[in-house]
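Chemist: Here you go, one structure.
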Amino acid sequence: MLDKGANSETFAGVVYIDVEIDAPGVVRHSTGGKIIFGQPDKCPDDRAQFIARSLAATDIPCEMSRDIQKVQWNKLLWNAPFCAISCLTRANMKQIVESEPLINLAVDCMAEVQAAAFTRGIDLPRELFDQAIVFSQGLGEFNSSMLQDLEARKPLEYEAFNGIVVKLLRPTGKPAPINQTSYATLQCLDQGIREEASANQHASA
């Protein structure tokens with residue numbers, strides 16, 4: 001999530017789009033569709049300008065950001081709690097936002113993401129927590145991308161969503177119990193998926 005693009009050292013992007021693969025070669029778009037991109041040095045070059053013009057010419061909503069790293073961390077503020085919670089509870093967004101204990105858990109997770117972002121010089125103000133929750137309330141019965149992967153028995157993105165928080169906070173001595181728990185449990189689920197895929201591959205060989 002934090003390293004997207006052809007060359008993450010000089011170019012990065014964040015995609016806000018909800019899609020599901022219904023069949024090989026068939027992708028169903030439900031909501032969203034905005035692409036935000038930019039360069040970590042905050043100085044867009046000719047390549048960024050070209051991409052912006054190309055996307056605009058095809059009516060793809062896009063935005064060129066001068067602070068793409070903050071945009072990436074802001075998205076992680078949602079991904080880290082809601083993807084993990086949805087997988088571990090098998091709950092859709094409507095079920096999560098209607099559960100006070102799960103919302104409290106999400107907020108605690110976001111606080112850990114906020115602390116991890118600060119180690120990279122990124123400030124995520126507290127009002128972004130509320131925005132993430134409001135955003136989730138508008139998703140209805142949507143299943144997070146990670147829950148979709150879990151149900152499809154595909155590898156999970158726990159390293160990018162929860163592992164990064166744990167790894168950044170560990171050297172500072174700050175605890176990350178929510179993300180640590182999510183990381184460990186999702187890793188176990190992911191291992192089961194990979195072992196199952198390997199067994200199926202050998203069986204069909």
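By convention here, the chains of the structure tokens are called A, B, ... in the order presented, each chain's residues are numbered starting at 1, and ligands are numbered starting at 1 in the order presented.
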Residues of stretch 47-157 of chain A classed as helix (DSSP H, G or I) by DSSP on the backbone are to be reported as number ranges by chain.
Modeler: A: 47-57, 68-89, 93-97, 100-118, 127-137, 145-151
Chemist: Please provide the set of residues having any atom within 9 Å of stretch 90-93 of chain A, restricted to only C-alpha atoms, with same-chain residues fewer than 4 positions apart removed, written as a count of residues only.
Modeler: 15
Chemist: May I ask which of the residues A:Pro125, A:Pro61, A:Pro81, A:Pro155 is the closest one to A:Gln191, counting only C-alpha atoms?
Modeler: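 With only C-alpha atoms as the atom set, the closest residue is A:Pro155.
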Chemist: Select, from A:Arg53, A:Leu88, A:Ala184, A:Gly121, the residue with the minimum atom-to-atom distance to A:Lys70, counting only C-alpha atoms.
Modeler: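 Closest to A:Lys70 of all the choices is A:Gly121.
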Chemist: Considering only C-alpha atoms, can you say which of A:Ile133, A:Cys188, A:Cys87, A:Val166 comes closest to A:Val107?
Modeler: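 Ranked by minimum distance to A:Val107, first place goes to A:Ile133.
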Chemist: What's around A:Ala152 at 10 Å? Count only C-alpha atoms, leave out sequence neighbours fewer than 4 positions away in its own chain, and write the answer as a ChimeraX atom specification.
Modeler: /A:21,146-148,193
